[in-house]
Amino acid sequence: MLRIARHSPTTARRTPRRLLVATAAFLFLSFTGAALPHPVAAATEPTGGFVSAAPASPQVPAGVTAGVAVFDRQTGTFTEQLAPAATFRSASVVKLLLALDFLWNRSPDSIPAADRTRLDAMLRSSQDAAANHYWSTYGGPAIVERMVTRLGLADTAPPPAGYEGYWGYTAMSARDTVKTYRHILESAPAPVRDFVMERLRQSTRCASDSFDQHFGIAGAFDRPWAVKQGWSGKYATGSCGSVSATAASGTDASAPASAPASAPASAPSASSAGAGEASVDLSRPALHTTGTVGAGDRSIVAVLTLHPDGTSYGKAYTDLGRLTRSLNVPGGTAPKGKWYGTWGQDVAVRTSPVVGDNLLTRLPAGVEVLVGCQKKGQLVSVPPYTNDWWAYLPQYGGYVTNIYISHPANQLPDVPLCTDPK
């Protein structure tokens with residue numbers, strides 16, 4: 001496992017990154033088990049300004065299955081729809097229904113402190129223990145059935161027979177997700193609306209299971225936004241903070257703690273797990289971004305995706321980000337900077353361009369990041385590379401050494417110098 005903090009600075013002569021020594025590369029690979037990046041420039045994407053000039057249709061990366069719906073509350077129309085009725089296993093998006101069901105005849109001001117704490121953790125950091133509590137205490141599949149009736153959901157259905165304990169196997173579509181947000185914003189009592197939306201606006205970067213959940217909407221648009229994300233499947237790792245979370249048994253657990261989170265060997269196949277007339281794939285890695293974008297929660301965005309077996313979390317994170325950035329989202333503003341690929345695992349994001357006790361978080365392996373500016377800092381050596389340039393990532397509020405940016409030059413040629421005292 002590669003961690004920048006373990007590499008000591010050196011005063012050795014800077015070595016151009018593209019001049020590799022075979023012996024050094026062999027020793028590096030043997031020591032870390034990590035793969036060296038291919039020394040070519042990654043595709044970059046300039047951003048900045050409003051997103052109204054997006055492509056005419058969603059740009060779905062190869063191999064990805066997607067259901068998309070974007071609803072402009074100001075005009076009352078959909079600006080994007082791609083398979084909006086297609087059903088996906090919800091993963092943690094169903095936590096919206098769990099919260100609404102519990103609050104249906106309750107005021108957030110009068111609920112017990114324990115429930116306030118659970119709801120806060122379930123909505124902000126996607127805590128599975130809280131979802132397990134509400135699922136097991138208030139009827140499991142009956143929660144979904146109640147909410148289908150209450151909200152008039154057309155495609156949502158409880159988990160398939162035999163897997164009633166797997167709340168993340170609840171079937172949902174993009175259009176039903178939009179309808180759920182419209183209920184929260186337009187029909188729910190004001191205290192419920194404010195309670196739920198306030199927590200979605202305060203979504204934590206690191207989820208309770210140590211997966212980075214600021215993908216999709218949270219990466220594609222400047223604030224204001226509010227999100228409830230979902231992830232489920234056999235990802236290799238998903239790192240955040242100072243922890244690397246192993247996902248061999250599934251992520252964003254879609255079942256009680258006593259049951260496996262991912263689809264067991266005997267689970268219904270993609271063609272037999274039914275939600276109404278539709279089938280729901282329970283095996284391929286799922287990654288969903290849902291929420292609102294813009295002042296006054298102008299646009300509701302729902303992007304539900306499935307990825308090929310074996311897809312890494314960083315790859316799914318990147319593909320979902322590219323898809324979300326292609327959408328026409330009224331009121332959304334794209335952040336300024338250039339998108340670059342990264343390499344390495346558990347790459348540290350630091351408060352300043354030096355190695356020390358200044359860790360902010362860690363990047364999912366191979367994820368695409370937005371680089372706002374760059375500056376010189378501490379010389380870092382990761383054999384066979386040496387570099388003293390650091391990239392500032394505005395969405396993380398910190399720096400990574402340029403060694404881990406997928407570009408052959410030490411200094412990125414199309415990124416400005418940082419001029420403020422970050």
# chains A, B, ... in the order shown; residues from 1 in each chain; ligands from 1

$ residues_around --residues "stretch 114-125 of chain A" --least-positions-apart "2" --cutoff "9 Å" --atoms "only C-alpha atoms" --output "PDB file with C-alpha atoms, in the first residue's frame"
ATOM      1  CA  SER A  92     -28.012   3.920   0.286  1.00  0.00           C
ATOM      2  CA  LYS A  95     -32.100   5.907   3.243  1.00  0.00           C
ATOM      3  CA  LEU A  96     -34.167   8.858   2.041  1.00  0.00           C
ATOM      4  CA  ALA A  99     -35.915   8.850   7.020  1.00  0.00           C
ATOM      5  CA  PRO A 108     -38.049  16.540  13.984  1.00  0.00           C
ATOM      6  CA  ILE A 111     -38.090  13.035  18.196  1.00  0.00           C
ATOM      7  CA  PRO A 112     -35.831  11.370  20.799  1.00  0.00           C
ATOM      8  CA  GLN A 127     -24.166   5.270   8.306  1.00  0.00           C
ATOM      9  CA  ASP A 128     -25.385   1.715   7.756  1.00  0.00           C
ATOM     10  CA  ALA A 129     -25.980   0.960  11.440  1.00  0.00           C
ATOM     11  CA  ALA A 130     -28.656   3.650  11.513  1.00  0.00           C
ATOM     12  CA  ALA A 131     -30.317   2.226   8.394  1.00  0.00           C
ATOM     13  CA  HIS A 133     -32.029   0.128  12.996  1.00  0.00           C
ATOM     14  CA  VAL A 196     -33.556  16.428   5.761  1.00  0.00           C
ATOM     15  CA  ARG A 199     -28.227  17.208   6.535  1.00  0.00           C
ATOM     16  CA  LEU A 200     -27.858  16.484   2.823  1.00  0.00           C
ATOM     17  CA  ARG A 201     -26.167  19.867   2.409  1.00  0.00           C
ATOM     18  CA  GLN A 202     -23.727  18.848   5.138  1.00  0.00           C
ATOM     19  CA  SER A 203     -22.722  15.576   3.506  1.00  0.00           C
ATOM     20  CA  THR A 204     -19.330  14.497   4.832  1.00  0.00           C
ATOM     21  CA  ARG A 205     -16.540  13.691   2.380  1.00  0.00           C
ATOM     22  CA  CYS A 206     -15.715  10.509   4.289  1.00  0.00           C
ATOM     23  CA  ALA A 207     -18.693   8.239   4.797  1.00  0.00           C
ATOM     24  CA  SER A 208     -19.053   6.139   7.930  1.00  0.00           C
ATOM     25  CA  ASP A 209     -17.460   3.177   6.139  1.00  0.00           C
ATOM     26  CA  GLN A 213     -18.710   9.998  -1.090  1.00  0.00           C
ATOM     27  CA  VAL A 227     -26.580  14.967  -1.917  1.00  0.00           C
ATOM     28  CA  LYS A 228     -27.546  11.466  -0.919  1.00  0.00           C
TER      29      LYS A 228
END

$ residues_around --residues "A:Asp109" --least-positions-apart "4" --cutoff "12 Å" --atoms "only C-alpha atoms" --output "ChimeraX atom specification"
/A:103,113,115-116,190-192,194-195

$ write_last_selection --atoms "all heavy atoms" --output "PDB file, in the first residue's frame"
ATOM      1  N   LEU A 103     -40.202   9.966   9.850  1.00  0.00           N
ATOM      2  CA  LEU A 103     -40.665  11.326  10.153  1.00  0.00           C
ATOM      3  C   LEU A 103     -42.074  11.603   9.655  1.00  0.00           C
ATOM      4  O   LEU A 103     -42.565  12.734   9.791  1.00  0.00           O
ATOM      5  CB  LEU A 103     -39.697  12.341   9.521  1.00  0.00           C
ATOM      6  CG  LEU A 103     -38.274  12.370  10.095  1.00  0.00           C
ATOM      7  CD1 LEU A 103     -37.375  13.232   9.219  1.00  0.00           C
ATOM      8  CD2 LEU A 103     -38.282  12.873  11.533  1.00  0.00           C
ATOM      9  N   ALA A 113     -33.582  12.073  21.220  1.00  0.00           N
ATOM     10  CA  ALA A 113     -32.213  12.462  20.869  1.00  0.00           C
ATOM     11  C   ALA A 113     -31.484  11.341  20.133  1.00  0.00           C
ATOM     12  O   ALA A 113     -30.692  11.600  19.223  1.00  0.00           O
ATOM     13  CB  ALA A 113     -31.450  12.847  22.137  1.00  0.00           C
ATOM     14  N   ASP A 115     -32.727   9.174  18.062  1.00  0.00           N
ATOM     15  CA  ASP A 115     -33.135   9.163  16.660  1.00  0.00           C
ATOM     16  C   ASP A 115     -32.558  10.353  15.903  1.00  0.00           C
ATOM     17  O   ASP A 115     -32.202  10.229  14.723  1.00  0.00           O
ATOM     18  CB  ASP A 115     -34.661   9.159  16.550  1.00  0.00           C
ATOM     19  CG  ASP A 115     -35.239   7.795  16.842  1.00  0.00           C
ATOM     20  OD1 ASP A 115     -34.883   6.838  16.138  1.00  0.00           O
ATOM     21  OD2 ASP A 115     -36.027   7.678  17.797  1.00  0.00           O
ATOM     22  N   ARG A 116     -32.454  11.460  16.565  1.00  0.00           N
ATOM     23  CA  ARG A 116     -31.849  12.638  15.918  1.00  0.00           C
ATOM     24  C   ARG A 116     -30.402  12.325  15.533  1.00  0.00           C
ATOM     25  O   ARG A 116     -29.949  12.664  14.442  1.00  0.00           O
ATOM     26  CB  ARG A 116     -31.917  13.829  16.875  1.00  0.00           C
ATOM     27  CG  ARG A 116     -31.750  15.164  16.211  1.00  0.00           C
ATOM     28  CD  ARG A 116     -31.991  16.304  17.194  1.00  0.00           C
ATOM     29  NE  ARG A 116     -32.030  17.578  16.494  1.00  0.00           N
ATOM     30  CZ  ARG A 116     -33.091  18.087  15.922  1.00  0.00           C
ATOM     31  NH1 ARG A 116     -34.229  17.430  15.959  1.00  0.00           N
ATOM     32  NH2 ARG A 116     -33.039  19.245  15.300  1.00  0.00           N
ATOM     33  N   ALA A 190     -42.639  21.728   6.483  1.00  0.00           N
ATOM     34  CA  ALA A 190     -41.409  22.520   6.455  1.00  0.00           C
ATOM     35  C   ALA A 190     -40.342  22.021   7.428  1.00  0.00           C
ATOM     36  O   ALA A 190     -39.156  21.967   7.065  1.00  0.00           O
ATOM     37  CB  ALA A 190     -41.733  23.990   6.716  1.00  0.00           C
ATOM     38  N   PRO A 191     -40.702  21.637   8.666  1.00  0.00           N
ATOM     39  CA  PRO A 191     -39.656  21.142   9.570  1.00  0.00           C
ATOM     40  C   PRO A 191     -38.979  19.874   9.052  1.00  0.00           C
ATOM     41  O   PRO A 191     -37.768  19.703   9.234  1.00  0.00           O
ATOM     42  CB  PRO A 191     -40.421  20.870  10.879  1.00  0.00           C
ATOM     43  CG  PRO A 191     -41.615  21.762  10.810  1.00  0.00           C
ATOM     44  CD  PRO A 191     -42.002  21.775   9.358  1.00  0.00           C
ATOM     45  N   VAL A 192     -39.747  18.995   8.393  1.00  0.00           N
ATOM     46  CA  VAL A 192     -39.160  17.786   7.825  1.00  0.00           C
ATOM     47  C   VAL A 192     -38.269  18.149   6.641  1.00  0.00           C
ATOM     48  O   VAL A 192     -37.141  17.652   6.500  1.00  0.00           O
ATOM     49  CB  VAL A 192     -40.264  16.793   7.397  1.00  0.00           C
ATOM     50  CG1 VAL A 192     -39.673  15.616   6.621  1.00  0.00           C
ATOM     51  CG2 VAL A 192     -41.017  16.299   8.626  1.00  0.00           C
ATOM     52  N   ASP A 194     -36.714  20.936   6.046  1.00  0.00           N
ATOM     53  CA  ASP A 194     -35.494  21.612   6.487  1.00  0.00           C
ATOM     54  C   ASP A 194     -34.546  20.639   7.181  1.00  0.00           C
ATOM     55  O   ASP A 194     -33.321  20.718   6.991  1.00  0.00           O
ATOM     56  CB  ASP A 194     -35.844  22.768   7.421  1.00  0.00           C
ATOM     57  CG  ASP A 194     -36.625  23.879   6.718  1.00  0.00           C
ATOM     58  OD1 ASP A 194     -36.619  23.905   5.464  1.00  0.00           O
ATOM     59  OD2 ASP A 194     -37.243  24.695   7.418  1.00  0.00           O
ATOM     60  N   PHE A 195     -35.093  19.729   7.964  1.00  0.00           N
ATOM     61  CA  PHE A 195     -34.261  18.757   8.687  1.00  0.00           C
ATOM     62  C   PHE A 195     -33.496  17.872   7.705  1.00  0.00           C
ATOM     63  O   PHE A 195     -32.286  17.675   7.835  1.00  0.00           O
ATOM     64  CB  PHE A 195     -35.165  17.893   9.574  1.00  0.00           C
ATOM     65  CG  PHE A 195     -34.425  16.876  10.395  1.00  0.00           C
ATOM     66  CD1 PHE A 195     -33.936  17.191  11.650  1.00  0.00           C
ATOM     67  CD2 PHE A 195     -34.235  15.586   9.912  1.00  0.00           C
ATOM     68  CE1 PHE A 195     -33.254  16.244  12.413  1.00  0.00           C
ATOM     69  CE2 PHE A 195     -33.556  14.635  10.660  1.00  0.00           C
ATOM     70  CZ  PHE A 195     -33.061  14.976  11.912  1.00  0.00           C
TER      71      PHE A 195
END

$ select_by_dssp --residues "stretch 90-201 of chain A" --states "helix (DSSP H, G or I)" --output "NGL selection string"
:A and (91-102 or 108-110 or 113-124 or 128-137 or 141-151 or 167-169 or 174-187 or 190-201)

$ write_last_selection --atoms "C-alpha atoms" --output "tab-separated table (two decimals), in the first residue's frame"
chain	number	residue	atom	x	y	z
A	91	ALA	CA	-27.84	1.05	-2.21
A	92	SER	CA	-28.01	3.92	0.29
A	93	VAL	CA	-30.37	6.11	-1.73
A	94	VAL	CA	-33.15	4.17	0.02
A	95	LYS	CA	-32.10	5.91	3.24
A	96	LEU	CA	-34.17	8.86	2.04
A	97	LEU	CA	-37.26	6.66	2.26
A	98	LEU	CA	-36.23	5.31	5.67
A	99	ALA	CA	-35.92	8.85	7.02
A	100	LEU	CA	-39.18	10.03	5.48
A	101	ASP	CA	-41.06	7.01	6.79
A	102	PHE	CA	-39.84	7.60	10.33
A	108	PRO	CA	-38.05	16.54	13.98
A	109	ASP	CA	-38.29	18.88	16.97
A	110	SER	CA	-39.98	16.22	19.11
A	113	ALA	CA	-32.21	12.46	20.87
A	114	ALA	CA	-31.09	8.97	19.86
A	115	ASP	CA	-33.14	9.16	16.66
A	116	ARG	CA	-31.85	12.64	15.92
A	117	THR	CA	-28.31	11.28	16.17
A	118	ARG	CA	-29.12	8.26	13.98
A	119	LEU	CA	-30.80	10.32	11.29
A	120	ASP	CA	-27.97	12.80	11.27
A	121	ALA	CA	-25.41	10.01	10.72
A	122	MET	CA	-27.57	8.18	8.17
A	123	LEU	CA	-28.18	11.25	6.02
A	124	ARG	CA	-24.81	13.03	6.35
A	128	ASP	CA	-25.38	1.71	7.76
A	129	ALA	CA	-25.98	0.96	11.44
A	130	ALA	CA	-28.66	3.65	11.51
A	131	ALA	CA	-30.32	2.23	8.39
A	132	ASN	CA	-30.23	-1.25	9.94
A	133	HIS	CA	-32.03	0.13	13.00
A	134	TYR	CA	-34.89	1.72	11.05
A	135	TRP	CA	-35.22	-1.21	8.67
A	136	SER	CA	-35.45	-3.81	11.43
A	137	THR	CA	-37.55	-1.70	13.81
A	141	PRO	CA	-39.99	-4.10	3.17
A	142	ALA	CA	-43.19	-2.60	4.59
A	143	ILE	CA	-41.36	0.74	4.80
A	144	VAL	CA	-40.86	0.70	1.05
A	145	GLU	CA	-44.46	-0.34	0.41
A	146	ARG	CA	-45.73	2.51	2.58
A	147	MET	CA	-43.57	5.07	0.81
A	148	VAL	CA	-44.57	3.79	-2.64
A	149	THR	CA	-48.19	4.47	-1.75
A	150	ARG	CA	-47.56	7.78	-0.01
A	151	LEU	CA	-45.38	9.29	-2.75
A	167	TRP	CA	-32.45	-2.73	2.38
A	168	GLY	CA	-29.98	-1.74	-0.35
A	169	TYR	CA	-31.67	-4.22	-2.72
A	174	ALA	CA	-34.14	7.94	-11.55
A	175	ARG	CA	-37.64	9.33	-12.04
A	176	ASP	CA	-38.82	7.95	-8.68
A	177	THR	CA	-35.76	9.49	-7.04
A	178	VAL	CA	-36.72	12.86	-8.51
A	179	LYS	CA	-40.26	12.38	-7.22
A	180	THR	CA	-38.88	11.62	-3.74
A	181	TYR	CA	-36.90	14.88	-3.71
A	182	ARG	CA	-39.91	16.79	-5.01
A	183	HIS	CA	-41.92	15.46	-2.09
A	184	ILE	CA	-39.24	16.56	0.38
A	185	LEU	CA	-38.99	20.05	-1.15
A	186	GLU	CA	-42.58	20.73	-2.15
A	187	SER	CA	-44.96	18.58	-0.08
A	190	ALA	CA	-41.41	22.52	6.46
A	191	PRO	CA	-39.66	21.14	9.57
A	192	VAL	CA	-39.16	17.79	7.83
A	193	ARG	CA	-37.98	19.44	4.62
A	194	ASP	CA	-35.49	21.61	6.49
A	195	PHE	CA	-34.26	18.76	8.69
A	196	VAL	CA	-33.56	16.43	5.76
A	197	MET	CA	-32.14	18.99	3.35
A	198	GLU	CA	-29.88	20.57	5.97
A	199	ARG	CA	-28.23	17.21	6.53
A	200	LEU	CA	-27.86	16.48	2.82
A	201	ARG	CA	-26.17	19.87	2.41

$ atom_distance --atom1 "atom CA of A:Pro159" --atom2 "atom CA of A:Gln229"
18.8 Å

$ closest_residue --among "A:Pro364, A:Pro416, A:Gly341, A:Pro384" --to "A:Ser210" --atoms "only C-alpha atoms"
A:Pro364

$ residues_around --residues "stretch 295-298 of chain A" --least-positions-apart "5" --cutoff "8 Å" --atoms "only C-alpha atoms" --output "ChimeraX atom specification"
/A:72-74,224-225,330-331

$ closest_residue --among "A:Gly366, A:Thr361, A:Ser299, A:Phe88" --to "A:Asp319" --atoms "only C-alpha atoms"
A:Gly366
